[in-house]
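One structure below.
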Amino acid sequence: MPMQSPITVNAHLNTGAAVPASSADQEALTQLLEQLQVVQSVNQQMQAQNQQIQAQLLQLQAQLNAQKQASRSRSFQPVPLSNSDHSNYIRLGFRALKWLFLFLVGFSIACVVSASLRAPEVVATLTSLMSLLLAPMVVLTLCIIIGCAILESLR
């Protein structure tokens, strides 16, 4: 007897007609039922694994959101410009001194280079600029340092 398709078997079952029951058909149906049971058990295992993976995914998403919230909730703390414990006034005084000394060193280097290249006009110009600019810069730097000292002593 030829093997019937599942549609034919379902049609027979739905109509209440008797399904031919030869031994070959019964063995084929038994094998199909066993395969169907195996497929169903594999399907159940895969569904269980899928549920476990989804639970892990939700847990990881919750951890990621918690980390994002923690990083957003941190308050902004600006990094100090220097690691010293001095106040801004003292740092201003030291910067003024630093720039005065850099000015003096730069002019000195320019004068030495000009003199070594035998350019007396440049040396004369630099020394006249030095005499014009040095006194006001020294006075300004001293005023800044004195002001810093007074402000720090009032603290």
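Naming scheme: A, B, ... for chains in displayed order of the structure tokens; residues 1 onward per chain; ligands 1 onward as shown.
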
Practice task
Would you kindly return, as a list in words, each protein, DNA or RNA residue with an atom no farther than 12 Å from any atom of A:Phe101, considering only C-alpha atoms and excluding same-chain residues fewer than 5 positions away?
Solution key: Phe94, Arg95, Ala96, Gly106, Phe107, Ser108, Leu134, Met137, Val138 and Thr141 of chain A

Saved selection, atoms kept: C-alpha atoms, as a CSV table (one decimal), in the first residue's frame:
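Once written, part08.csv looks like this:
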```csv
chain,number,residue,atom,x,y,z
A,94,PHE,CA,55.2,83.4,40.2
A,95,ARG,CA,53.9,83.6,36.7
A,96,ALA,CA,54.7,87.4,36.6
A,106,GLY,CA,65.2,86.5,25.5
A,107,PHE,CA,66.7,90.0,25.2
A,108,SER,CA,70.0,88.8,26.5
A,134,LEU,CA,62.8,97.0,31.8
A,137,MET,CA,58.1,95.6,33.7
A,138,VAL,CA,60.1,95.3,36.9
A,141,THR,CA,56.0,92.6,38.5
```

Practice task
Determine which residues of stretch 26-116 of chain A DSSP labels as alpha helix (DSSP H) from the backbone of this structure, then write them out as a PyMOL selection string.
Solution key: chain A and resi 26-73+88-116

Problem - Point-to-point distance in Å for atom CA of A:Ser87 and atom CA of A:Cys148 - result: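 Between atom CA of A:Cys148 and atom CA of A:Ser87 the gap is 9.6 Å.
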
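Separating atom CA of A:Leu132 from atom CA of A:Arg118 is a distance of 23.0 Å.
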
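In this comparison, which uses only C-alpha atoms, the residue of A:Gln56, A:Cys111, A:Met46, A:Leu92 approaching A:Gly147 most closely is A:Leu92.
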
Practice task
Extract, using only C-alpha atoms, all DNA, RNA and protein residues at most 12 Å from A:Glu152, discarding same-chain residues fewer than 2 positions from it, and format them as number ranges by chain.
Solution key: A: 86-93, 145-150, 154-155

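For the atom pair formed by atom CA of A:Ile109 and atom CA of A:Val122, the distance is 12.4 Å, given to one decimal.
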
Problem - Residue nearest A:Leu104 - candidates A:Leu126, A:Leu117, A:Gln37, A:Leu151, atoms counted: only C-alpha atoms - result: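 Checking each candidate against A:Leu104, we get A:Leu126 as the closest.
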